[in-house]
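What's in work_26.cif: mmCIF, C-alpha atoms and all ligand atoms
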data_start
#
loop_
_atom_site.label_atom_id
_atom_site.label_comp_id
_atom_site.auth_asym_id
_atom_site.auth_seq_id
_atom_site.Cartn_x
_atom_site.Cartn_y
_atom_site.Cartn_z
CA MET A 259 -23.00 -13.47 54.49
CA ARG A 260 -25.97 -13.16 56.92
CA VAL A 261 -26.38 -9.72 58.42
CA GLY A 262 -27.86 -9.05 61.87
CA MET A 263 -28.72 -5.74 63.50
CA PRO A 264 -30.39 -4.62 66.73
CA HIS A 265 -33.96 -3.36 67.00
CA MET A 266 -35.19 0.14 67.71
CA GLY A 267 -38.95 0.46 67.22
CA ASN A 268 -39.94 -0.31 63.63
CA VAL A 269 -36.62 0.70 62.08
CA TYR A 270 -36.03 -2.88 60.93
CA ILE A 271 -38.78 -2.44 58.31
CA PRO A 272 -36.99 0.19 56.15
CA PHE A 273 -33.70 -1.72 56.54
CA LYS A 274 -35.41 -4.96 55.50
CA ALA A 275 -36.83 -3.27 52.37
CA LEU A 276 -33.47 -1.75 51.53
CA PHE A 277 -31.49 -4.95 51.96
CA GLN A 278 -34.10 -7.04 50.12
CA ARG A 279 -33.66 -4.82 47.05
CA LEU A 280 -29.92 -5.39 47.22
CA ASN A 281 -30.16 -9.15 47.85
CA VAL A 282 -28.52 -8.89 51.24
CA ASP A 283 -29.58 -11.68 53.62
CA LEU A 284 -30.85 -9.83 56.70
CA VAL A 285 -31.49 -11.78 59.90
CA ILE A 286 -34.08 -9.99 62.01
CA PRO A 287 -33.96 -11.05 65.66
CA PRO A 288 -37.31 -11.42 67.50
CA VAL A 289 -38.80 -8.05 68.48
CA ASN A 290 -37.70 -7.04 71.95
CA ASN A 291 -39.19 -9.33 74.59
CA GLN A 292 -38.43 -10.64 78.07
CA ARG A 293 -35.86 -13.12 76.76
CA THR A 294 -33.96 -10.39 74.88
CA LEU A 295 -33.83 -8.32 78.05
CA SER A 296 -32.79 -11.28 80.22
CA LEU A 297 -29.95 -12.17 77.82
CA GLY A 298 -28.77 -8.56 77.72
CA VAL A 299 -28.93 -8.17 81.50
CA ARG A 300 -27.15 -11.49 82.11
CA TYR A 301 -24.15 -10.65 79.94
CA SER A 302 -23.82 -6.86 80.40
CA PRO A 303 -21.86 -5.07 83.09
CA GLU A 304 -24.51 -4.23 85.72
CA GLY A 305 -24.27 -0.42 85.61
CA LEU A 306 -24.74 -0.08 81.87
CA CYS A 307 -27.77 1.61 80.38
CA ILE A 308 -30.78 -0.28 79.01
CA PRO A 309 -30.09 0.51 75.33
CA PHE A 310 -26.82 -1.40 75.70
CA LYS A 311 -28.51 -4.36 77.37
CA LEU A 312 -31.37 -4.68 74.89
CA THR A 313 -29.17 -4.25 71.82
CA LEU A 314 -26.76 -6.86 73.21
CA GLY A 315 -29.74 -9.21 73.66
CA ASN A 316 -30.72 -8.54 70.00
CA LEU A 317 -27.21 -9.29 68.76
CA ILE A 318 -27.06 -12.54 70.73
CA GLU A 319 -30.44 -13.60 69.28
CA ALA A 320 -29.33 -12.60 65.77
CA THR A 321 -26.20 -14.76 66.03
CA GLU A 322 -28.32 -17.65 67.35
CA LEU A 323 -30.35 -17.33 64.14
CA GLY A 324 -27.23 -17.57 62.03
CA ALA A 325 -26.07 -13.97 61.55
CA ASP A 326 -22.33 -13.83 60.90
CA THR A 327 -22.03 -10.08 60.28
CA LEU A 328 -23.36 -7.66 62.88
CA ILE A 329 -24.06 -3.94 62.42
CA MET A 330 -23.87 -1.57 65.37
CA PRO A 331 -23.99 2.23 65.41
CA ALA A 332 -20.85 3.75 66.89
CA GLY A 333 -19.08 7.08 66.84
CA TYR A 334 -17.69 9.73 69.07
CA GLY A 335 -19.72 11.23 71.85
CA THR A 336 -19.45 12.33 75.41
CA CYS A 337 -21.32 9.31 76.75
CA ARG A 338 -20.90 5.54 76.62
CA LEU A 339 -22.43 5.05 73.18
CA GLY A 340 -18.97 5.25 71.62
CA TYR A 341 -17.92 2.11 73.51
CA TYR A 342 -21.05 0.06 72.87
CA ALA A 343 -19.97 -1.80 69.74
CA LYS A 344 -16.46 -2.60 71.01
CA THR A 345 -17.71 -3.87 74.38
CA GLN A 346 -20.53 -5.87 72.83
CA GLU A 347 -18.12 -7.41 70.35
CA GLN A 348 -15.89 -8.52 73.22
CA ILE A 349 -18.82 -10.00 75.18
CA LEU A 350 -20.10 -11.90 72.12
CA ARG A 351 -16.63 -13.32 71.41
CA GLU A 352 -16.29 -14.45 75.03
CA LEU A 353 -19.64 -16.23 74.59
CA GLY A 354 -18.10 -18.14 71.69
CA HIS A 355 -19.87 -16.45 68.77
CA ASN A 356 -18.04 -16.13 65.49
CA PHE A 357 -18.87 -13.03 63.45
CA GLU A 358 -17.64 -9.80 61.94
CA MET A 359 -18.69 -6.58 63.65
CA ILE A 360 -19.31 -3.56 61.43
CA GLN A 361 -19.38 -0.27 63.29
CA VAL A 362 -21.19 2.61 61.63
CA GLY A 363 -19.94 6.02 62.73
CA ILE A 364 -23.21 7.86 62.23
CA SER A 365 -22.36 11.04 64.14
CA GLU A 366 -19.20 11.79 62.20
CA GLN A 367 -19.80 10.18 58.79
CA LYS A 368 -23.57 10.75 58.66
CA LEU A 369 -25.20 9.60 55.41
CA PHE A 370 -21.85 8.59 53.88
CA GLY A 371 -21.20 6.19 56.78
CA ILE A 372 -24.51 4.41 56.15
CA LEU A 373 -24.14 4.34 52.37
CA GLY A 374 -20.56 3.04 52.67
CA MET A 375 -21.75 0.27 54.98
CA ILE A 376 -24.53 -0.67 52.52
CA LYS A 377 -22.05 -0.69 49.62
CA ARG A 378 -19.84 -3.10 51.49
CA LEU A 379 -22.66 -5.42 52.58
CA SER A 380 -24.23 -5.47 49.11
CA ASN A 381 -21.03 -6.81 47.59
CA ASN A 382 -20.24 -3.54 45.86
CA ALA A 383 -23.63 -2.98 44.23
CA SER A 384 -23.84 0.02 41.91
CA TRP A 385 -24.51 3.43 43.48
CA TYR A 386 -27.67 3.68 41.41
CA LYS A 387 -29.06 0.49 42.98
CA ILE A 388 -27.96 1.54 46.46
CA ILE A 389 -29.50 5.01 46.27
CA SER A 390 -32.77 3.70 44.85
CA ALA A 391 -33.00 0.99 47.57
CA PHE A 392 -32.14 3.59 50.22
CA ARG A 393 -34.86 5.93 48.91
CA PHE A 394 -37.44 3.16 49.14
CA GLY A 395 -36.38 2.42 52.73
CA ILE A 396 -36.78 6.12 53.59
CA ALA A 397 -40.23 6.15 51.95
CA LYS A 398 -41.30 3.26 54.22
CA LEU A 399 -39.85 5.04 57.25
CA ASN A 400 -41.80 8.21 56.42
CA ALA A 401 -45.03 6.26 55.92
CA LEU A 402 -44.62 4.50 59.30
CA ASP A 403 -44.01 7.77 61.12
CA ARG A 404 -46.88 9.62 59.40
CA ILE A 405 -49.35 6.92 60.39
CA GLU A 406 -47.99 6.81 63.95
CA GLN A 407 -48.47 10.57 64.30
CA VAL A 408 -52.16 10.09 63.48
CA VAL A 409 -52.35 7.20 65.95
CA HIS A 410 -51.09 9.58 68.66
CA LYS A 411 -54.04 11.90 67.94
CA VAL A 412 -56.69 9.17 67.76
CA ARG A 413 -55.72 7.15 70.87
CA PRO A 414 -56.95 9.64 73.51
CA LEU A 415 -60.28 10.23 71.76
CA GLU A 416 -61.31 6.81 70.45
CA ARG A 417 -64.58 5.43 71.87
CA ILE A 418 -63.36 1.84 71.87
CA LYS A 419 -59.96 1.77 73.51
CA GLY A 420 -57.33 -0.12 71.56
CA THR A 421 -58.81 0.59 68.09
CA ALA A 422 -55.94 2.85 66.96
CA ASN A 423 -53.35 0.39 68.27
CA ARG A 424 -54.98 -2.47 66.38
CA LEU A 425 -55.02 -0.43 63.16
CA PHE A 426 -51.41 0.56 63.67
CA VAL A 427 -50.31 -3.07 64.03
CA LYS A 428 -52.07 -3.86 60.72
CA ALA A 429 -50.58 -0.78 59.05
CA VAL A 430 -47.04 -1.77 60.13
CA LYS A 431 -47.56 -5.25 58.67
CA ALA A 432 -48.97 -3.85 55.42
CA ILE A 433 -46.06 -1.40 55.04
CA ASP A 434 -43.62 -4.19 55.72
CA GLU A 435 -45.16 -6.25 52.91
CA VAL A 436 -45.45 -3.64 50.11
CA ASP A 437 -42.82 -3.58 47.42
CA ASP A 438 -43.55 -0.52 45.29
CA TYR A 439 -44.14 3.19 45.79
CA SER A 440 -47.72 3.35 44.57
CA THR A 441 -48.95 0.55 46.88
CA LEU A 442 -47.01 2.14 49.73
CA LYS A 443 -48.79 5.46 49.14
CA LYS A 444 -52.14 3.70 48.95
CA VAL A 445 -51.51 1.80 52.21
CA GLN A 446 -50.52 5.02 53.94
CA ARG A 447 -53.63 6.84 52.69
CA ASP A 448 -55.97 3.93 53.53
CA TYR A 449 -54.77 3.59 57.11
CA ILE A 450 -54.81 7.32 57.77
CA ASP A 451 -58.40 7.39 56.44
CA GLN A 452 -59.39 4.46 58.65
CA LEU A 453 -57.82 6.15 61.67
CA ASN A 454 -59.63 9.41 60.91
CA GLN A 455 -62.92 7.52 60.73
CA VAL A 456 -62.54 5.83 64.13
CA PRO A 457 -65.53 6.94 66.31
CA LYS A 458 -64.26 9.52 68.81
CA ASP A 459 -65.39 11.58 71.81
CA THR A 460 -64.42 15.10 70.90
CA GLU A 461 -66.24 17.08 73.59
CA THR A 462 -63.22 17.81 75.77
CA PRO A 463 -59.90 18.59 74.14
CA PRO A 464 -57.31 16.07 75.36
CA LEU A 465 -54.32 16.97 77.52
CA ILE A 466 -51.17 17.37 75.47
CA VAL A 467 -48.03 15.74 76.87
CA GLY A 468 -44.63 15.91 75.18
CA ILE A 469 -42.39 12.84 75.22
CA THR A 470 -38.73 13.66 75.38
CA GLY A 471 -35.48 12.10 76.59
CA GLU A 472 -32.85 9.68 75.39
CA PHE A 473 -33.26 8.66 71.74
CA TYR A 474 -33.42 4.88 72.18
CA VAL A 475 -35.82 4.72 75.12
CA VAL A 476 -38.09 7.27 73.44
CA LEU A 477 -38.24 5.21 70.25
CA GLU A 478 -38.25 1.64 71.58
CA PRO A 479 -41.66 0.94 73.19
CA PHE A 480 -40.45 -2.23 74.94
CA SER A 481 -37.88 -0.21 76.90
CA ASN A 482 -40.43 2.36 78.09
CA LEU A 483 -43.25 -0.16 78.69
CA ASP A 484 -45.28 1.43 75.92
CA VAL A 485 -45.68 4.70 77.77
CA GLU A 486 -47.28 6.48 74.79
CA SER A 487 -50.02 3.91 74.50
CA GLU A 488 -50.65 4.00 78.27
CA LEU A 489 -50.97 7.79 78.18
CA GLY A 490 -53.37 7.46 75.25
CA LYS A 491 -55.57 5.15 77.34
CA LEU A 492 -55.64 7.85 80.01
CA GLY A 493 -56.98 10.34 77.44
CA VAL A 494 -53.67 12.10 76.73
CA GLU A 495 -52.44 13.09 73.28
CA VAL A 496 -48.69 12.59 73.15
CA ARG A 497 -46.36 14.73 71.08
CA ARG A 498 -43.14 12.80 70.65
CA THR A 499 -40.27 15.17 70.04
CA THR A 500 -38.28 12.62 68.01
CA PHE A 501 -39.23 10.47 65.03
CA VAL A 502 -36.61 8.50 63.14
CA SER A 503 -37.73 10.05 59.84
CA GLU A 504 -37.19 13.56 61.25
CA TRP A 505 -33.90 12.57 62.83
CA THR A 506 -32.81 11.20 59.45
CA LYS A 507 -33.69 14.51 57.80
CA PHE A 508 -31.78 16.62 60.29
CA SER A 509 -28.91 14.32 61.15
CA LEU A 510 -28.08 12.45 57.96
CA PHE A 511 -28.79 15.09 55.33
CA LEU A 512 -27.82 18.72 55.23
CA ASN A 513 -30.97 20.71 55.79
CA PRO A 514 -31.57 22.66 52.57
CA LEU A 515 -33.41 25.51 54.29
CA GLY A 516 -30.65 26.00 56.82
CA MET A 517 -33.22 25.86 59.61
CA ASP A 518 -31.83 23.03 61.61
CA GLU A 519 -34.36 21.91 64.22
CA LYS A 520 -31.49 20.83 66.45
CA ASP A 521 -30.05 24.36 66.40
CA ARG A 522 -33.39 25.73 67.50
CA ILE A 523 -33.53 23.28 70.42
CA HIS A 524 -29.91 23.97 71.42
CA LYS A 525 -30.56 27.70 71.33
CA ALA A 526 -33.54 27.28 73.62
CA ALA A 527 -31.38 25.33 76.10
CA GLN A 528 -28.55 27.92 76.03
CA PRO A 529 -29.55 29.95 79.13
CA TYR A 530 -29.28 26.78 81.21
CA LEU A 531 -26.87 24.53 79.38
CA LYS A 532 -24.33 25.84 76.93
CA ARG A 533 -22.89 22.71 75.39
CA ASP A 534 -23.40 19.13 74.39
CA ILE A 535 -23.20 16.81 77.40
CA GLY A 536 -23.52 13.62 75.39
CA GLY A 537 -26.55 11.57 74.34
CA ASP A 538 -29.65 13.73 74.17
CA GLY A 539 -29.31 15.67 77.43
CA TRP A 540 -28.90 19.04 75.73
CA GLU A 541 -32.00 18.41 73.60
CA SER A 542 -34.10 17.35 76.63
CA VAL A 543 -33.44 20.70 78.31
CA GLY A 544 -34.08 22.64 75.09
CA GLU A 545 -37.31 20.81 74.40
CA LYS A 546 -38.64 21.63 77.85
CA VAL A 547 -37.90 25.32 77.33
CA LEU A 548 -39.24 25.33 73.78
CA HIS A 549 -42.50 23.54 74.47
CA ALA A 550 -43.34 24.85 77.95
CA LYS A 551 -46.16 27.02 76.63
CA LYS A 552 -47.52 24.50 74.13
CA TYR A 553 -47.89 21.37 76.23
CA ASP A 554 -49.71 20.59 79.49
CA GLY A 555 -46.82 18.45 80.70
CA LEU A 556 -43.72 16.58 79.68
CA VAL A 557 -42.72 12.95 80.20
CA HIS A 558 -38.95 12.68 80.28
CA LEU A 559 -37.64 9.20 79.53
CA ALA A 560 -34.16 8.48 80.81
CA PRO A 561 -32.24 5.21 80.98
CA PHE A 562 -31.15 4.47 84.56
CA THR A 563 -27.48 5.55 85.00
CA CYS A 564 -27.58 7.71 81.84
CA MET A 565 -25.33 10.63 82.74
CA PRO A 566 -26.61 13.11 80.09
CA GLU A 567 -30.24 12.62 81.10
CA ILE A 568 -29.42 12.84 84.84
CA ILE A 569 -27.88 16.25 84.17
CA ALA A 570 -30.90 17.27 82.07
CA GLN A 571 -33.32 16.06 84.76
CA ASN A 572 -31.67 18.25 87.37
CA ILE A 573 -31.64 21.33 85.15
CA MET A 574 -35.25 20.83 84.05
CA THR A 575 -36.56 21.31 87.59
CA SER A 576 -35.18 24.85 87.79
CA THR A 577 -35.85 26.58 84.45
CA LYS A 578 -38.06 29.64 84.55
CA GLU A 579 -40.26 28.09 81.85
CA THR A 580 -42.48 26.05 84.12
CA ILE A 581 -44.30 22.95 82.98
CA PRO A 582 -44.77 19.76 85.01
CA VAL A 583 -42.17 17.14 84.11
CA LEU A 584 -42.36 13.47 85.03
CA THR A 585 -39.03 11.69 84.65
CA ILE A 586 -39.27 7.94 84.20
CA LEU A 587 -36.05 5.99 84.64
CA CYS A 588 -36.05 3.00 82.33
CA ASP A 589 -34.20 -0.19 83.18
CA GLU A 590 -34.90 -3.85 83.77
CA GLN A 591 -36.41 -3.00 87.19
CA LEU A 592 -39.12 -0.75 85.73
CA ALA A 593 -42.47 -2.49 86.20
CA LYS A 594 -45.81 -1.65 84.65
CA PRO A 595 -47.92 -1.24 87.84
CA GLY A 596 -45.43 1.27 89.29
CA MET A 597 -45.25 3.22 86.06
CA LEU A 598 -49.04 3.30 85.64
CA THR A 599 -49.53 4.63 89.17
CA ARG A 600 -47.13 7.46 88.43
CA LEU A 601 -48.74 8.22 85.07
CA GLU A 602 -52.21 8.32 86.62
CA ALA A 603 -51.05 10.69 89.36
CA PHE A 604 -49.32 12.88 86.77
CA VAL A 605 -52.41 13.04 84.54
CA ASP A 606 -54.59 13.89 87.60
CA LEU A 607 -52.26 16.76 88.37
CA LEU A 608 -52.38 18.05 84.79
CA GLU A 609 -56.18 17.85 84.68
CA ARG A 610 -56.47 19.82 87.92
CA LYS A 611 -54.02 22.39 86.61
CA ARG A 612 -56.04 22.80 83.42
CA ARG A 613 -59.32 23.11 85.39
CA ILE A 614 -57.85 25.82 87.60
CA SER A 615 -56.47 27.76 84.67
CA ASN A 616 -59.84 27.50 82.81
CA ASN A 617 -61.69 28.77 85.91
CA ASN A 618 -59.35 31.74 86.20
CA ARG A 619 -60.01 32.91 82.65
S1 LIG B 701 -27.21 8.65 76.12
FE1 LIG B 701 -27.37 7.61 78.05
S2 LIG B 701 -28.45 5.74 77.63
FE2 LIG B 701 -27.74 6.52 75.66
S3 LIG B 701 -25.78 5.54 75.42
FE3 LIG B 701 -25.35 7.46 76.39
S4 LIG B 701 -25.31 6.97 78.60
FE4 LIG B 701 -26.29 5.26 77.56
#
Can you turn what I pasted into structure tokens?
Ligand code: SF4
Amino acid sequence: MRVGMPHMGNVYIPFKALFQRLNVDLVIPPVNNQRTLSLGVRYSPEGLCIPFKLTLGNLIEATELGADTLIMPAGYGTCRLGYYAKTQEQILRELGHNFEMIQVGISEQKLFGILGMIKRLSNNASWYKIISAFRFGIAKLNALDRIEQVVHKVRPLERIKGTANRLFVKAVKAIDEVDDYSTLKKVQRDYIDQLNQVPKDTETPPLIVGITGEFYVVLEPFSNLDVESELGKLGVEVRRTTFVSEWTKFSLFLNPLGMDEKDRIHKAAQPYLKRDIGGDGWESVGEKVLHAKKYDGLVHLAPFTCMPEIIAQNIMTSTKETIPVLTILCDEQLAKPGMLTRLEAFVDLLERKRRISNNNR
């Protein structure tokens, strides 16, 4: 059995570690690139959202590399995510690929859905082996996210632009290669130290911009044309509202303290939106309300034709908690020059706003 799965940021690294420990043959398709997108666009219904198109491209590339068992998240929901796996399976079969599709119902089965899927793929490995491999995967995920959070802080201040990105690429590679907890801890510490030592200009505090929106386009840099890095080059510190490690904590496990971050966000959205509208639309509204006082601005990432984020976008313009919001619609038509022009104009606006508010103090 050769298992293939789609990409979403660096999530393949924890899965690779987990499956390696269980002797499951994982086929990792090339990281998202123009070919992946072209394949996805060519074989998807035109109006579908970019997460569908890119993940379809990944699955096609995985089958080309010999994967015969494909994993796709599935589950109930108010948006199209629930139909992704079924539709992609049909498209792949029409293209002549032979495989088994395993759908993982994350929203309803949570952790048990993932563990059950691993049990099946690992040829009924013992629970002890599965849990210990899973824990190691989670440790890698946490290390990746901790380092990335530091990268977000260093990027806007670094004297030589690109230094934090270069260190991050090396850190990702090093984390991918380690095979035990103590080396993993050491790698994490070393790279955070190196990032902290990067020469910085600290005279002016950077603008703080929150990144919110649909889960996939927030977490997959290829789909948002690396918006976080581009903002960093413009001297902006980004605060991403979602990290996979945090999502795992709140969505897969029961929160032991009973303080569910999602509840807090939903509560904040309540005056404007009372219920789940699918995807991450409810959270986008709540995050705007919750962070309006903390951030200088918000970049809202929404896949083109994504119904939940279209609803959120329209509500966000009229909340009483005011903070400038730039919505970027992500699809195959999004081009870097257009996005950069909009980011530059947005950052200009935020700088002027900050100057005016400093002068009025
Ligand atoms: S939330 Fe939006 S982009 Fe994501 S699957 Fe649903 S419709 Fe598509």
Edge lengths and centre in Å to one decimal, as JSON, is what I'm after for the box along x, y and z that holds all listed atoms of ligand LIG 701 (chain B) once 3 Å is added on each side.
{"center_x": -26.9, "center_y": 7.0, "center_z": 77.0, "size_x": 9.1, "size_y": 9.4, "size_z": 9.2}
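Shortest separation to ligand LIG 701 (chain B) among A:Val557, A:Met565, A:Asn281, A:Pro331 occurs at residue A:Met565, atoms counted being all atoms listed in the file.
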Exercise: Phe273 (chain A) partners within 12 Å, only C-alpha atoms, chain neighbours under 4 positions left out, as a VMD selection string: chain A and resid 261 to 266 268 to 269 277 to 286 329 372 376 391 to 399 434
Expected residue set, 8 Å radius at (-41.7, 17.1, 74.5), all atoms listed in the file, as an MDAnalysis selection string: chainID A and resid 467:470 497:499 542 545:546 549 553 556:558
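Proximity of A:Leu587, A:Gln446, A:Leu489, A:Glu504 to Asp606 (chain A), computed with all atoms listed in the file, is greatest for A:Leu489.
Here the question is which of A:Val362, A:Glu567, A:Leu373, A:Ser487 gets nearest to ligand LIG 701 (chain B) using only C-alpha atoms and all ligand atoms, and that residue is A:Glu567.
Using all atoms listed in the file for every distance, the candidate list A:Cys337, A:Val547, A:Val430, A:Ile581 yields A:Cys337 as the residue closest to ligand LIG 701 (chain B).
Interatomic distance, CA of Gly315 (chain A) to CA of Lys368 (chain A): 25.7 Å.
Among the candidates A:Val496, A:Val605, A:Ala560, A:Ile450, the residue lying nearest to ligand LIG 701 (chain B) is A:Ala560 (atoms considered: all atoms listed in the file).
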Fewer than 6 positions away in the same chain doesn't count, so skip those; otherwise give me all residues within 10 Å of region 346-355 of chain A, counting all atoms listed in the file, as a PDB file with C-alpha atoms, keeping the file's coordinate frame.
ATOM      1  CA  GLY A 298     -28.770  -8.560  77.720  1.00  0.00           C
ATOM      2  CA  TYR A 301     -24.150 -10.650  79.940  1.00  0.00           C
ATOM      3  CA  SER A 302     -23.820  -6.860  80.400  1.00  0.00           C
ATOM      4  CA  PRO A 303     -21.860  -5.070  83.090  1.00  0.00           C
ATOM      5  CA  PHE A 310     -26.820  -1.400  75.700  1.00  0.00           C
ATOM      6  CA  LYS A 311     -28.510  -4.360  77.370  1.00  0.00           C
ATOM      7  CA  THR A 313     -29.170  -4.250  71.820  1.00  0.00           C
ATOM      8  CA  LEU A 314     -26.760  -6.860  73.210  1.00  0.00           C
ATOM      9  CA  GLY A 315     -29.740  -9.210  73.660  1.00  0.00           C
ATOM     10  CA  LEU A 317     -27.210  -9.290  68.760  1.00  0.00           C
ATOM     11  CA  ILE A 318     -27.060 -12.540  70.730  1.00  0.00           C
ATOM     12  CA  THR A 321     -26.200 -14.760  66.030  1.00  0.00           C
ATOM     13  CA  GLU A 322     -28.320 -17.650  67.350  1.00  0.00           C
ATOM     14  CA  ALA A 325     -26.070 -13.970  61.550  1.00  0.00           C
ATOM     15  CA  ASP A 326     -22.330 -13.830  60.900  1.00  0.00           C
ATOM     16  CA  LEU A 328     -23.360  -7.660  62.880  1.00  0.00           C
ATOM     17  CA  MET A 330     -23.870  -1.570  65.370  1.00  0.00           C
TER      18      MET A 330
END
Region 400-403 of chain A surroundings by only C-alpha atoms, 12 Å radius, close-in-sequence under 6 positions cut, as a VMD selection string: chain A and resid 267 to 272 393 to 394 409 to 410 426 to 434 436 439 441 to 450 477 498 500 to 507
Writing out the chosen residues with C-alpha atoms as a short mmCIF file (atom, residue, chain, number, x, y, z; two decimals), in the coordinates of the input:
data_model
loop_
_atom_site.label_atom_id
_atom_site.label_comp_id
_atom_site.auth_asym_id
_atom_site.auth_seq_id
_atom_site.Cartn_x
_atom_site.Cartn_y
_atom_site.Cartn_z
CA GLY A 267 -38.95 0.46 67.22
CA ASN A 268 -39.94 -0.31 63.63
CA VAL A 269 -36.62 0.70 62.08
CA TYR A 270 -36.03 -2.88 60.93
CA ILE A 271 -38.78 -2.44 58.31
CA PRO A 272 -36.99 0.19 56.15
CA ARG A 393 -34.86 5.93 48.91
CA PHE A 394 -37.44 3.16 49.14
CA VAL A 409 -52.35 7.20 65.95
CA HIS A 410 -51.09 9.58 68.66
CA PHE A 426 -51.41 0.56 63.67
CA VAL A 427 -50.31 -3.07 64.03
CA LYS A 428 -52.07 -3.86 60.72
CA ALA A 429 -50.58 -0.78 59.05
CA VAL A 430 -47.04 -1.77 60.13
CA LYS A 431 -47.56 -5.25 58.67
CA ALA A 432 -48.97 -3.85 55.42
CA ILE A 433 -46.06 -1.40 55.04
CA ASP A 434 -43.62 -4.19 55.72
CA VAL A 436 -45.45 -3.64 50.11
CA TYR A 439 -44.14 3.19 45.79
CA THR A 441 -48.95 0.55 46.88
CA LEU A 442 -47.01 2.14 49.73
CA LYS A 443 -48.79 5.46 49.14
CA LYS A 444 -52.14 3.70 48.95
CA VAL A 445 -51.51 1.80 52.21
CA GLN A 446 -50.52 5.02 53.94
CA ARG A 447 -53.63 6.84 52.69
CA ASP A 448 -55.97 3.93 53.53
CA TYR A 449 -54.77 3.59 57.11
CA ILE A 450 -54.81 7.32 57.77
CA LEU A 477 -38.24 5.21 70.25
CA ARG A 498 -43.14 12.80 70.65
CA THR A 500 -38.28 12.62 68.01
CA PHE A 501 -39.23 10.47 65.03
CA VAL A 502 -36.61 8.50 63.14
CA SER A 503 -37.73 10.05 59.84
CA GLU A 504 -37.19 13.56 61.25
CA TRP A 505 -33.90 12.57 62.83
CA THR A 506 -32.81 11.20 59.45
CA LYS A 507 -33.69 14.51 57.80
#
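Taking CA of Gln407 (chain A) and CA of Ala526 (chain A) as the two end points, the separation is 24.3 Å.
Non-sequential neighbours of Cys307 (chain A) (distance at most 9 Å, separation of 4 or more positions within a chain, all atoms listed in the file) are Lys311, Arg338, Pro561, Phe562, Thr563, Cys564, Cys588 and Asp589 of chain A.
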Point-to-point distance from CA of Trp540 (chain A) to atom FE1 of ligand LIG 701 (chain B), Å rounded to tenths: 11.8 Å
Within 9 Å of region 454-456 of chain A using all atoms listed in the file, minus same-chain residues under 6 positions, as number ranges by chain: A: 408, 412, 416-418, 421-422
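Nearest to Asn291 (chain A) of all the residues A:Ala603, A:Gly555, A:Asn423, A:Ser481 is A:Ser481, counting all atoms listed in the file.
Residues near the point (-22.3, 7.7, 50.3), at a distance of 12 Å or less over only C-alpha atoms, make up Ile364, Gln367, Lys368, Leu369, Phe370, Gly371, Ile372, Leu373, Gly374, Met375, Ile376, Lys377, Arg378, Ser384, Trp385, Tyr386, Ile388, Ile389, Phe392, Leu510 and Phe511 of chain A.
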Written coordinates, N, CA and C atoms of region 568-579 of chain A as a JSON list (two decimals), in the first residue's frame:
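For reference, decode.json as written:
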[["chain", "number", "residue", "atom", "x", "y", "z"],
["A", 568, "ILE", "N", -17.66, 35.13, 2.01],
["A", 568, "ILE", "CA", -18.36, 36.27, 1.38],
["A", 568, "ILE", "C", -19.32, 36.88, 2.41],
["A", 569, "ILE", "N", -20.00, 36.01, 3.15],
["A", 569, "ILE", "CA", -20.92, 36.51, 4.19],
["A", 569, "ILE", "C", -20.10, 37.28, 5.24],
["A", 570, "ALA", "N", -18.99, 36.68, 5.67],
["A", 570, "ALA", "CA", -18.15, 37.33, 6.70],
["A", 570, "ALA", "C", -17.66, 38.69, 6.20],
["A", 571, "GLN", "N", -17.20, 38.72, 4.94],
["A", 571, "GLN", "CA", -16.67, 39.96, 4.38],
["A", 571, "GLN", "C", -17.70, 41.09, 4.46],
["A", 572, "ASN", "N", -18.94, 40.75, 4.14],
["A", 572, "ASN", "CA", -19.99, 41.78, 4.16],
["A", 572, "ASN", "C", -20.35, 42.23, 5.56],
["A", 573, "ILE", "N", -20.28, 41.31, 6.52],
["A", 573, "ILE", "CA", -20.58, 41.71, 7.90],
["A", 573, "ILE", "C", -19.43, 42.54, 8.46],
["A", 574, "MET", "N", -18.21, 42.17, 8.12],
["A", 574, "MET", "CA", -17.04, 42.83, 8.70],
["A", 574, "MET", "C", -17.00, 44.33, 8.41],
["A", 575, "THR", "N", -17.59, 44.75, 7.30],
["A", 575, "THR", "CA", -17.54, 46.18, 6.97],
["A", 575, "THR", "C", -18.44, 47.00, 7.90],
["A", 576, "SER", "N", -19.39, 46.34, 8.60],
["A", 576, "SER", "CA", -20.35, 47.16, 9.35],
["A", 576, "SER", "C", -20.38, 46.89, 10.86],
["A", 577, "THR", "N", -19.33, 46.29, 11.42],
["A", 577, "THR", "CA", -19.34, 46.11, 12.88],
["A", 577, "THR", "C", -18.95, 47.43, 13.53],
["A", 578, "LYS", "N", -19.36, 47.62, 14.78],
["A", 578, "LYS", "CA", -19.00, 48.89, 15.43],
["A", 578, "LYS", "C", -17.52, 48.88, 15.86],
["A", 579, "GLU", "N", -16.93, 47.72, 15.96],
["A", 579, "GLU", "CA", -15.50, 47.64, 16.26],
["A", 579, "GLU", "C", -14.75, 47.93, 14.96]]
